[in-house]
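K.L.:
Provided below: data-v5.txt, containing compact mmCIF, C-alpha atoms.
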```txt
# COMPACT_ATOMS: atom_id res chain seq x y z
CA MET A 710 -8.78 57.77 -73.08
CA ASP A 711 -10.13 61.14 -74.27
CA ASP A 712 -9.44 62.59 -70.82
CA ALA A 713 -5.76 61.52 -71.03
CA THR A 714 -6.17 58.75 -68.45
CA THR A 715 -5.04 55.20 -69.20
CA ALA A 716 -6.46 51.79 -68.39
CA ILE A 717 -5.27 48.26 -67.71
CA ALA A 718 -6.97 45.17 -69.13
CA TYR A 719 -6.93 42.01 -67.03
CA LEU A 720 -7.49 38.72 -68.86
CA TRP A 721 -7.76 35.61 -66.71
CA ASP A 722 -6.37 33.33 -69.41
CA GLU A 723 -5.34 29.86 -68.28
CA THR A 724 -2.51 29.79 -70.84
CA GLU A 725 -0.80 32.55 -68.81
CA ASN A 726 -0.97 30.57 -65.55
CA TYR A 727 2.45 29.18 -64.63
CA TRP A 728 1.23 27.21 -61.61
CA PRO A 729 1.02 23.44 -62.14
CA ALA A 730 -2.55 22.21 -61.76
CA ALA A 731 -3.38 20.57 -58.43
CA GLU A 732 -6.38 18.81 -56.95
CA GLY A 733 -8.86 21.28 -55.48
CA ASP A 734 -7.75 24.24 -57.59
CA ASP A 735 -11.34 24.78 -58.72
CA ASP A 736 -12.82 24.70 -55.20
CA PRO A 737 -13.69 28.28 -54.12
CA THR A 738 -14.63 27.04 -50.65
CA ASP A 739 -10.93 26.44 -49.99
CA PRO A 740 -9.64 29.84 -48.81
CA PHE A 741 -6.25 29.06 -50.35
CA SER A 742 -7.37 27.72 -53.73
CA PRO A 743 -6.06 29.82 -56.65
CA ALA A 744 -7.61 33.28 -56.66
CA LEU A 745 -8.41 33.62 -60.35
CA GLY A 746 -11.40 35.02 -62.16
CA LEU A 747 -13.88 37.80 -62.56
CA ASP A 748 -16.27 36.72 -59.80
CA LEU A 749 -13.55 36.86 -57.14
CA PHE A 750 -12.27 40.18 -58.46
CA GLU A 751 -15.69 41.82 -58.52
CA ALA A 752 -16.67 40.65 -55.03
CA ALA A 753 -13.37 41.79 -53.53
CA HIS A 754 -13.57 45.13 -55.35
CA THR A 755 -17.10 45.75 -54.08
CA ARG A 756 -16.21 44.98 -50.46
CA LEU A 757 -12.97 46.98 -50.39
CA THR A 758 -14.60 49.98 -52.09
CA ALA A 759 -17.43 49.92 -49.55
CA LEU A 760 -14.85 50.20 -46.77
CA GLY A 761 -13.15 53.16 -48.40
CA VAL A 762 -10.05 51.19 -49.37
CA ARG A 763 -8.55 52.54 -52.59
CA VAL A 764 -8.56 50.05 -55.47
CA PRO A 765 -8.42 50.70 -59.24
CA GLU A 766 -11.75 51.98 -60.53
CA ILE A 767 -13.62 49.64 -62.85
CA ARG A 768 -14.24 50.72 -66.45
CA LEU A 769 -15.71 47.46 -67.77
CA LEU A 770 -16.34 43.92 -66.57
CA ALA A 771 -17.03 41.23 -69.15
CA ALA A 772 -17.37 37.51 -68.59
CA ALA A 773 -16.09 35.37 -71.43
CA GLY A 774 -18.15 35.90 -74.57
CA THR A 775 -20.19 38.87 -73.29
CA HIS A 776 -20.54 42.53 -74.30
CA GLY A 777 -19.82 41.56 -77.91
CA ILE A 778 -16.10 41.68 -77.20
CA ASP A 779 -13.95 38.98 -78.75
CA HIS A 780 -11.53 38.27 -75.93
CA GLY A 781 -11.55 34.51 -76.25
CA PRO A 782 -12.46 32.07 -73.47
CA ALA A 783 -11.16 34.31 -70.65
CA ASP A 784 -12.92 36.77 -68.37
CA LEU A 785 -12.01 40.43 -68.86
CA ALA A 786 -11.81 43.46 -66.58
CA ILE A 787 -10.73 46.89 -67.75
CA VAL A 788 -9.75 49.08 -64.81
CA GLU A 789 -8.10 52.38 -64.04
CA ASP A 790 -4.36 52.41 -64.61
CA VAL A 791 -2.30 53.76 -61.72
CA PRO A 792 0.90 54.84 -63.49
CA GLY A 793 4.19 55.39 -61.73
CA GLN A 794 5.70 53.22 -59.06
CA ASN A 795 4.56 50.70 -56.51
CA LEU A 796 5.30 50.86 -52.79
CA GLU A 797 8.25 48.47 -53.10
CA GLN A 798 9.95 50.76 -55.60
CA LEU A 799 9.18 53.89 -53.57
CA LEU A 800 10.59 52.36 -50.38
CA ALA A 801 13.80 51.45 -52.21
CA ARG A 802 14.14 54.90 -53.78
CA ASP A 803 12.97 57.23 -51.02
CA PRO A 804 11.85 55.76 -47.66
CA HIS A 805 11.07 59.26 -46.37
CA ALA A 806 8.62 59.89 -49.22
CA ALA A 807 7.09 56.46 -48.58
CA ALA A 808 6.26 57.27 -44.94
CA PRO A 809 2.89 58.98 -45.59
CA VAL A 810 1.95 56.20 -48.02
CA LEU A 811 2.63 53.62 -45.30
CA ALA A 812 0.56 55.66 -42.87
CA ARG A 813 -2.40 55.69 -45.26
CA LEU A 814 -1.94 51.97 -45.92
CA GLY A 815 -2.10 51.42 -42.17
CA GLN A 816 -5.44 53.25 -42.06
CA ALA A 817 -6.79 51.04 -44.85
CA LEU A 818 -5.61 47.92 -43.05
CA GLU A 819 -7.32 49.06 -39.85
CA ALA A 820 -10.60 49.57 -41.73
CA MET A 821 -10.24 46.04 -43.09
CA ARG A 822 -9.29 44.58 -39.69
CA HIS A 823 -12.32 46.09 -37.99
CA HIS A 824 -14.75 44.83 -40.64
CA ARG A 825 -15.82 41.45 -39.30
CA ALA A 826 -17.65 38.47 -40.75
CA PRO A 827 -19.01 35.43 -38.92
CA GLY A 828 -17.42 33.05 -41.44
CA TYR A 829 -14.01 32.77 -43.06
CA GLY A 830 -13.07 32.29 -46.68
CA LYS A 831 -13.02 34.12 -49.97
CA VAL A 832 -15.09 37.30 -50.06
CA ALA A 833 -17.12 36.00 -53.01
CA VAL A 834 -18.08 32.89 -51.02
CA VAL A 835 -18.83 34.49 -47.65
CA ASP A 836 -20.66 37.56 -48.96
CA ALA A 837 -22.91 35.26 -50.99
CA GLY A 838 -23.84 33.33 -47.84
CA GLY A 839 -21.58 30.36 -48.55
CA THR A 840 -19.47 28.28 -46.17
CA SER A 841 -15.80 27.46 -46.58
CA ARG A 842 -14.22 24.08 -46.04
CA GLY A 843 -12.71 23.18 -42.68
CA THR A 844 -13.68 24.24 -39.18
CA SER A 845 -11.37 27.16 -38.41
CA CYS A 846 -8.75 29.44 -39.90
CA GLN A 847 -5.98 27.79 -37.92
CA GLY A 848 -7.23 24.36 -38.99
CA VAL A 849 -7.14 25.33 -42.66
CA VAL A 850 -3.66 26.81 -42.21
CA LEU A 851 -2.39 23.69 -40.45
CA GLU A 852 -3.75 21.41 -43.17
CA ARG A 853 -2.12 23.52 -45.86
CA ALA A 854 1.16 23.80 -43.96
CA LEU A 855 1.41 20.03 -43.59
CA ARG A 856 0.87 19.67 -47.34
CA ASP A 857 3.51 22.31 -48.04
CA LEU A 858 5.90 20.56 -45.67
CA ALA A 859 5.42 17.21 -47.42
CA GLU A 860 5.81 18.81 -50.84
CA ALA A 861 8.93 20.74 -49.88
CA ALA A 862 10.43 17.63 -48.30
CA SER A 863 9.91 15.71 -51.55
CA ARG A 864 12.00 18.32 -53.42
CA GLU A 865 14.57 19.43 -50.87
CA LYS A 866 16.73 17.13 -48.69
CA ARG A 867 17.24 19.69 -45.94
CA ILE A 868 13.49 19.91 -45.37
CA ALA A 869 13.20 16.13 -45.61
CA ARG A 870 15.76 15.69 -42.83
CA ALA A 871 13.85 18.14 -40.62
CA HIS A 872 10.38 16.89 -41.60
CA ASP A 873 9.42 15.26 -38.31
CA ARG A 874 10.71 18.18 -36.27
CA LEU A 875 8.82 20.69 -38.40
CA GLU A 876 5.65 18.62 -38.32
CA GLU A 877 5.77 18.37 -34.53
CA ARG A 878 6.34 22.12 -34.28
CA LEU A 879 3.31 22.86 -36.50
CA LEU A 880 1.06 20.60 -34.44
CA THR A 881 2.26 22.15 -31.18
CA LEU A 882 1.70 25.69 -32.43
CA ALA A 883 -1.76 24.86 -33.78
CA ALA A 884 -2.82 23.26 -30.49
CA ALA A 885 -2.10 26.52 -28.65
CA VAL A 886 -4.46 28.62 -30.81
CA ARG A 887 -7.76 29.46 -29.14
CA PRO A 888 -11.08 29.43 -31.04
CA ARG A 889 -12.31 32.60 -32.75
CA THR A 890 -15.78 33.20 -34.14
CA ARG A 891 -15.38 36.39 -36.18
CA HIS A 892 -12.89 37.21 -38.92
CA ALA A 893 -11.38 40.30 -40.50
CA LEU A 894 -11.04 41.24 -44.14
CA VAL A 895 -7.53 40.60 -45.47
CA HIS A 896 -5.92 41.03 -48.88
CA GLY A 897 -4.20 37.67 -48.52
CA GLU A 898 -0.91 38.47 -50.27
CA LEU A 899 -0.21 42.10 -49.47
CA GLY A 900 3.39 42.62 -50.45
CA PRO A 901 4.60 46.13 -51.35
CA ASP A 902 4.50 45.11 -55.03
CA HIS A 903 0.72 44.80 -54.67
CA VAL A 904 0.38 48.42 -53.57
CA ARG A 905 0.47 51.05 -56.30
CA VAL A 906 0.98 54.70 -55.35
CA ASP A 907 -1.29 57.18 -57.11
CA ARG A 908 -0.37 60.75 -58.02
CA HIS A 909 -1.81 61.99 -54.70
CA GLY A 910 0.36 59.64 -52.66
CA HIS A 911 -2.48 57.26 -51.80
CA PRO A 912 -1.91 53.48 -51.70
CA VAL A 913 -3.97 51.53 -54.24
CA LEU A 914 -4.37 47.79 -53.63
CA ILE A 915 -4.08 45.56 -56.70
CA ASP A 916 -4.25 41.79 -57.33
CA ILE A 917 -7.23 41.70 -55.01
CA GLU A 918 -8.89 38.48 -56.14
CA GLY A 919 -7.49 36.61 -53.13
CA ALA A 920 -9.20 38.89 -50.61
CA MET A 921 -10.87 36.87 -47.90
CA TYR A 922 -12.28 36.94 -44.40
CA PHE A 923 -9.63 35.43 -42.19
CA ASP A 924 -7.46 36.10 -39.16
CA ALA A 925 -5.79 39.50 -39.40
CA GLU A 926 -2.64 37.80 -38.12
CA TRP A 927 -2.29 36.07 -41.50
CA GLU A 928 -2.05 39.44 -43.24
CA HIS A 929 0.40 40.87 -40.73
CA VAL A 930 2.73 37.88 -40.88
CA PHE A 931 2.95 38.32 -44.64
CA LEU A 932 3.52 42.06 -44.25
CA ARG A 933 6.32 41.40 -41.76
CA ILE A 934 7.99 38.97 -44.12
CA ARG A 935 7.77 41.25 -47.14
CA LEU A 936 8.43 44.65 -45.56
CA HIS A 937 11.15 43.72 -43.07
CA ASP A 938 12.39 46.95 -41.44
CA HIS A 939 9.60 48.98 -43.06
CA TYR A 940 6.84 47.05 -41.25
CA PRO A 941 6.67 48.93 -37.88
CA PRO A 942 4.34 51.73 -39.12
CA LEU A 943 1.76 49.03 -39.92
CA ALA A 944 2.09 47.11 -36.64
CA VAL A 945 -0.91 46.82 -34.32
CA GLY A 946 -0.96 45.69 -30.72
CA ALA A 947 -4.10 43.57 -30.68
CA LEU A 948 -2.78 40.53 -32.56
CA ASP A 949 -2.73 37.02 -31.08
CA GLU A 950 0.83 35.77 -30.51
CA ASP A 951 -0.14 32.10 -30.84
CA ARG A 952 -1.65 32.71 -34.27
CA LEU A 953 1.34 34.79 -35.31
CA ALA A 954 3.70 31.94 -34.39
CA LEU A 955 1.73 29.30 -36.30
CA TYR A 956 1.17 31.49 -39.33
CA THR A 957 4.81 32.53 -39.50
CA LEU A 958 6.03 28.95 -39.82
CA ALA A 959 3.17 28.09 -42.19
CA GLN A 960 4.02 30.97 -44.50
CA ARG A 961 7.72 30.16 -44.49
CA LEU A 962 6.85 26.63 -45.60
CA SER A 963 4.44 27.95 -48.23
CA LEU A 964 7.11 30.32 -49.56
CA THR A 965 9.44 27.34 -49.84
CA ALA A 966 7.08 24.81 -51.39
CA GLY A 967 5.36 27.26 -53.76
CA PRO A 968 8.50 28.53 -55.51
CA LEU A 969 9.89 24.99 -55.77
CA ARG A 970 6.61 23.93 -57.39
CA LEU A 971 6.80 26.80 -59.88
CA LEU A 972 10.32 25.76 -60.82
CA ASP A 973 8.97 22.38 -61.95
CA GLY A 974 7.40 24.18 -64.91
CA ASP A 975 8.46 26.89 -67.34
CA PHE A 976 8.28 29.89 -65.02
CA PRO A 977 10.67 32.43 -66.58
CA HIS A 978 12.20 34.23 -63.57
CA ARG A 979 13.96 31.18 -62.21
CA THR A 980 16.89 32.73 -60.37
CA ALA A 981 14.69 35.05 -58.32
CA MET A 982 12.22 32.25 -57.53
CA ALA A 983 15.01 29.92 -56.43
CA ALA A 984 16.33 32.66 -54.14
CA ILE A 985 12.88 33.07 -52.53
CA ALA A 986 12.70 29.33 -51.89
CA GLU A 987 16.20 29.24 -50.41
CA TYR A 988 15.64 32.22 -48.12
CA ASN A 989 12.37 30.89 -46.72
CA LEU A 990 13.68 27.34 -46.44
CA ASN A 991 16.39 28.55 -44.09
CA ALA A 992 13.90 30.68 -42.17
CA ALA A 993 11.60 27.67 -41.72
CA LEU A 994 14.44 25.50 -40.44
CA GLN A 995 15.27 28.15 -37.84
CA LEU A 996 11.69 27.94 -36.54
CA ALA A 997 11.67 24.15 -36.17
```
As a first step, turn the structure in this file into structure tokens.
P.N.:
Amino acid sequence: MDDATTAIAYLWDETENYWPAAEGDDDPTDPFSPALGLDLFEAAHTRLTALGVRVPEIRLLAAAGTHGIDHGPADLAIVEDVPGQNLEQLLARDPHAAAPVLARLGQALEAMRHHRAPGYGKVAVVDAGGTSRGTSCQGVVLERALRDLAEAASREKRIARAHDRLEERLLTLAAAVRPRTRHALVHGELGPDHVRVDRHGHPVLIDIEGAMYFDAEWEHVFLRIRLHDHYPPLAVGALDEDRLALYTLAQRLSLTAGPLRLLDGDFPHRTAMAAIAEYNLNAALQLA
């Protein structure tokens, strides 16, 4: 740009999607359906910005075929570039320098956790007055976890041998979860690779299309899994242990079934994806 800043162009082009198509992919009322597209991005961006959570600033939004821009059949967003490193890279290089970034990320997460909605689901659905499928967060998670278990068992003999034990454990954990009527705002997949660090040391959330109103425990389980020893600065004391237990097993199964599904296709980074599946497979078996 004339002011020496740079920008990133997002194109939601189906030809770049490595995930095999599955039934229900186009159902936005499923909180866990693929988070792709301009509508989800714009709604999440609006909500996070309103809460003071740092996200890349928007330069241009253009649905397919609009603004006179020839960008094919895909939606387009041009947003602020945040050059430099992400939080994952900073933690690996200099954990001491990452400490204030983690502290600021914790403040953002608290703002999101204290913003409540009466319904759960994708921000674009709930903020528009819509209703998501299912009857509860834990019910949606259980349904998905049972699907992930069946899918993983069909591809991996070790999961198949433990299928009944894992299924019984999921049902037991879900039965212990008490009802909840209000839900927090969560990113949905907040690994340190989804946090850029700007030149002022502020965390900037990216890949925000999956933002949803859900149990904050879902976010914190994912953070625990991804951050390992770096998680404690983000820990909060008001989380429900029953939800944490259910969501931990559910995410381990998801992080087994998902990578195995990707490996059915032409996903390029196969060694790394196989390692993710193997690690989480063993973690799931330990929880059975």
K.L.:
So, counting all atoms listed in the file, which residue among A:Leu796, A:Leu994, A:Ala730, A:Leu953 is closest to Leu814 of chain A?
P.N.:
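Answer, going by the shortest atom-to-atom distance: A:Leu796.
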K.L.:
In terms of the shortest atom-to-atom distance over only C-alpha atoms, which of A:Gln816, A:Ser841, A:Thr965, A:Ser863 is closest to Gly761 of chain A?
P.N.:
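Once distances to Gly761 of chain A are computed over only C-alpha atoms, the minimum belongs to A:Gln816.
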K.L.:
Please write as a ChimeraX atom specification the list of polymer residues whose atoms come within 12 Å of (13.8, 29.7, -56.5), counting all atoms listed in the file and keeping to the coordinates of the file.
P.N.:
/A:864-865,964-974,976-990
K.L.:
Based on the selection just made, write C-alpha atoms of those residues as a tab-separated table (two decimals), in the coordinates of the input.
P.N.:
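Contents of again36.tsv, as written:
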```tsv
chain	number	residue	atom	x	y	z
A	864	ARG	CA	12.00	18.32	-53.42
A	865	GLU	CA	14.57	19.43	-50.87
A	964	LEU	CA	7.11	30.32	-49.56
A	965	THR	CA	9.44	27.34	-49.84
A	966	ALA	CA	7.08	24.81	-51.39
A	967	GLY	CA	5.36	27.26	-53.76
A	968	PRO	CA	8.50	28.53	-55.51
A	969	LEU	CA	9.89	24.99	-55.77
A	970	ARG	CA	6.61	23.93	-57.39
A	971	LEU	CA	6.80	26.80	-59.88
A	972	LEU	CA	10.32	25.76	-60.82
A	973	ASP	CA	8.97	22.38	-61.95
A	974	GLY	CA	7.40	24.18	-64.91
A	976	PHE	CA	8.28	29.89	-65.02
A	977	PRO	CA	10.67	32.43	-66.58
A	978	HIS	CA	12.20	34.23	-63.57
A	979	ARG	CA	13.96	31.18	-62.21
A	980	THR	CA	16.89	32.73	-60.37
A	981	ALA	CA	14.69	35.05	-58.32
A	982	MET	CA	12.22	32.25	-57.53
A	983	ALA	CA	15.01	29.92	-56.43
A	984	ALA	CA	16.33	32.66	-54.14
A	985	ILE	CA	12.88	33.07	-52.53
A	986	ALA	CA	12.70	29.33	-51.89
A	987	GLU	CA	16.20	29.24	-50.41
A	988	TYR	CA	15.64	32.22	-48.12
A	989	ASN	CA	12.37	30.89	-46.72
A	990	LEU	CA	13.68	27.34	-46.44
```
K.L.:
Counting all atoms listed in the file, give me one row per residue of segment 749-854 of chain A with an atom at most 8 Å from an atom of segment 885-908 of chain A, showing the shortest contact pair and its distance in Å to one decimal, sorted by chain then residue number, as a Markdown table.
P.N.:
```
| residue | atom | partner | partner_atom | distance |
| --- | --- | --- | --- | --- |
| A:Val791 | CA | A:Asp907 | CA | 5.8 |
| A:Pro792 | CA | A:Asp907 | CA | 7.1 |
| A:Gly793 | CA | A:Val906 | CA | 7.2 |
| A:Gln794 | CA | A:Val906 | CA | 6.2 |
| A:Asn795 | CA | A:Arg905 | CA | 4.1 |
| A:Leu796 | CA | A:Pro901 | CA | 5.0 |
| A:Glu797 | CA | A:Pro901 | CA | 4.7 |
| A:Gln798 | CA | A:Asp902 | CA | 7.9 |
| A:Val810 | CA | A:Val906 | CA | 7.5 |
| A:Leu818 | CA | A:Val895 | CA | 7.9 |
| A:Met821 | CA | A:Leu894 | CA | 5.0 |
| A:Arg822 | CA | A:Ala893 | CA | 4.8 |
| A:His823 | CA | A:Ala893 | CA | 6.4 |
| A:His824 | CA | A:Ala893 | CA | 5.6 |
| A:Arg825 | CA | A:Ala893 | CA | 4.7 |
| A:Ala826 | CA | A:His892 | CA | 5.3 |
| A:Pro827 | CA | A:Arg891 | CA | 4.6 |
| A:Gly828 | CA | A:Arg891 | CA | 6.6 |
| A:Tyr829 | CA | A:His892 | CA | 6.2 |
| A:Ser845 | CA | A:Pro888 | CA | 7.7 |
| A:Gln847 | CA | A:Val886 | CA | 7.3 |
```
K.L.:
Hey, can you check how far atom CA of Leu948 of chain A sits from atom CA of Arg874 of chain A?
P.N.:
26.4 Å
K.L.:
Find the residue from A:Leu747, A:Leu811, A:Val945, A:Val930 that sits nearest to Thr957 of chain A; use all atoms listed in the file when measuring.
P.N.:
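Among A:Leu747, A:Leu811, A:Val945, A:Val930, it is A:Val930 that comes nearest to Thr957 of chain A.
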K.L.:
So which residues touch Arg842 of chain A within 12 Å, counting all atoms listed in the file, skipping near sequence neighbours fewer than 3 positions away, as a list in words?
P.N.:
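These residues fall inside the cut-off: Gly733, Asp736, Pro737, Thr738, Asp739, Pro740, Phe741, Ser742, Gly828, Tyr829, Gly830, Lys831, Val834, Val835, Gly839, Ser845, Cys846, Gly848, Val849, Val850 and Glu852 of chain A.
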K.L.:
Thr758 of chain A: which residues within 12 Å, counting only C-alpha atoms, same-chain residues fewer than 4 positions away excluded, as a list in words?
P.N.:
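That gives Phe750, Glu751, Ala752, Ala753, His754, Val762, Arg763, Val764, Pro765, Glu766, Ile767, Ala817, Ala820, Met821, Val913, Leu914 and Ile917 of chain A.
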K.L.:
Take atom CA of Phe931 of chain A and atom CA of Asp748 of chain A and report the distance between them in Å, one decimal.
P.N.:
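Rounded to one decimal, the two atoms are 24.5 Å apart.
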K.L.:
Restricting the calculation to all atoms listed in the file: of A:Leu962, A:Ala759, A:Gly815, A:Glu789, which residue gets closest to His872 of chain A?
P.N.:
A:Leu962
K.L.:
Please determine the residues with any atom at most 10 Å from (-7.0, 43.7, -70.5) (coordinates as given in the file, with only C-alpha atoms counting) and report them as an NGL selection string.
P.N.:
:A and (716-721 or 769 or 780 or 784-788)
K.L.:
Ranking A:Arg952, A:Arg802, A:Arg856, A:His911 by minimum distance to Asp924 of chain A and counting all atoms listed in the file, which one comes first?
P.N.:
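When distances to Asp924 of chain A are compared using all atoms listed in the file, the smallest one comes from A:Arg952.
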K.L.:
Out of A:Gly910, A:Asp722, A:Asp790, A:Asp836, which residue has the shortest atom-to-atom distance to Ala806 of chain A when counting all atoms listed in the file?
P.N.:
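Looking only at the distances to Ala806 of chain A, the closest residue turns out to be A:Gly910.
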K.L.:
Atom CA of Glu877 of chain A and atom CA of Ile934 of chain A are how many Å apart?
P.N.:
22.8 Å
K.L.:
Can you fill out segment 903-918 of chain A with N, CA and C atoms and hand it back as a JSON list (two decimals), in the frame of the given file?
P.N.:
```json
[["chain", "number", "residue", "atom", "x", "y", "z"],
["A", 903, "HIS", "N", 2.16, 44.81, -54.43],
["A", 903, "HIS", "CA", 0.72, 44.80, -54.67],
["A", 903, "HIS", "C", 0.06, 46.08, -54.18],
["A", 904, "VAL", "N", 0.87, 47.10, -53.96],
["A", 904, "VAL", "CA", 0.38, 48.42, -53.57],
["A", 904, "VAL", "C", 0.93, 49.45, -54.55],
["A", 905, "ARG", "N", 0.08, 49.95, -55.43],
["A", 905, "ARG", "CA", 0.47, 51.05, -56.30],
["A", 905, "ARG", "C", 0.35, 52.37, -55.53],
["A", 906, "VAL", "N", 1.05, 53.38, -55.98],
["A", 906, "VAL", "CA", 0.98, 54.70, -55.35],
["A", 906, "VAL", "C", 0.46, 55.69, -56.39],
["A", 907, "ASP", "N", -0.72, 56.27, -56.12],
["A", 907, "ASP", "CA", -1.29, 57.18, -57.11],
["A", 907, "ASP", "C", -0.63, 58.56, -57.03],
["A", 908, "ARG", "N", -1.06, 59.45, -57.91],
["A", 908, "ARG", "CA", -0.37, 60.75, -58.02],
["A", 908, "ARG", "C", -0.59, 61.62, -56.78],
["A", 909, "HIS", "N", -1.56, 61.25, -55.94],
["A", 909, "HIS", "CA", -1.81, 61.99, -54.70],
["A", 909, "HIS", "C", -1.11, 61.35, -53.49],
["A", 910, "GLY", "N", -0.34, 60.31, -53.75],
["A", 910, "GLY", "CA", 0.36, 59.64, -52.66],
["A", 910, "GLY", "C", -0.50, 58.66, -51.88],
["A", 911, "HIS", "N", -1.61, 58.22, -52.48],
["A", 911, "HIS", "CA", -2.48, 57.26, -51.80],
["A", 911, "HIS", "C", -2.14, 55.84, -52.25],
["A", 912, "PRO", "N", -2.13, 54.88, -51.32],
["A", 912, "PRO", "CA", -1.91, 53.48, -51.70],
["A", 912, "PRO", "C", -3.13, 52.91, -52.41],
["A", 913, "VAL", "N", -2.90, 52.15, -53.46],
["A", 913, "VAL", "CA", -3.97, 51.53, -54.24],
["A", 913, "VAL", "C", -3.70, 50.02, -54.26],
["A", 914, "LEU", "N", -4.58, 49.23, -53.68],
["A", 914, "LEU", "CA", -4.37, 47.79, -53.63],
["A", 914, "LEU", "C", -4.71, 47.16, -54.97],
["A", 915, "ILE", "N", -3.84, 46.28, -55.45],
["A", 915, "ILE", "CA", -4.08, 45.56, -56.70],
["A", 915, "ILE", "C", -3.96, 44.06, -56.43],
["A", 916, "ASP", "N", -4.24, 43.26, -57.47],
["A", 916, "ASP", "CA", -4.25, 41.79, -57.33],
["A", 916, "ASP", "C", -5.11, 41.38, -56.14],
["A", 917, "ILE", "N", -6.35, 41.81, -56.17],
["A", 917, "ILE", "CA", -7.23, 41.70, -55.01],
["A", 917, "ILE", "C", -8.11, 40.45, -55.02],
["A", 918, "GLU", "N", -7.99, 39.62, -56.03],
["A", 918, "GLU", "CA", -8.89, 38.48, -56.14],
["A", 918, "GLU", "C", -8.82, 37.53, -54.95]]
```
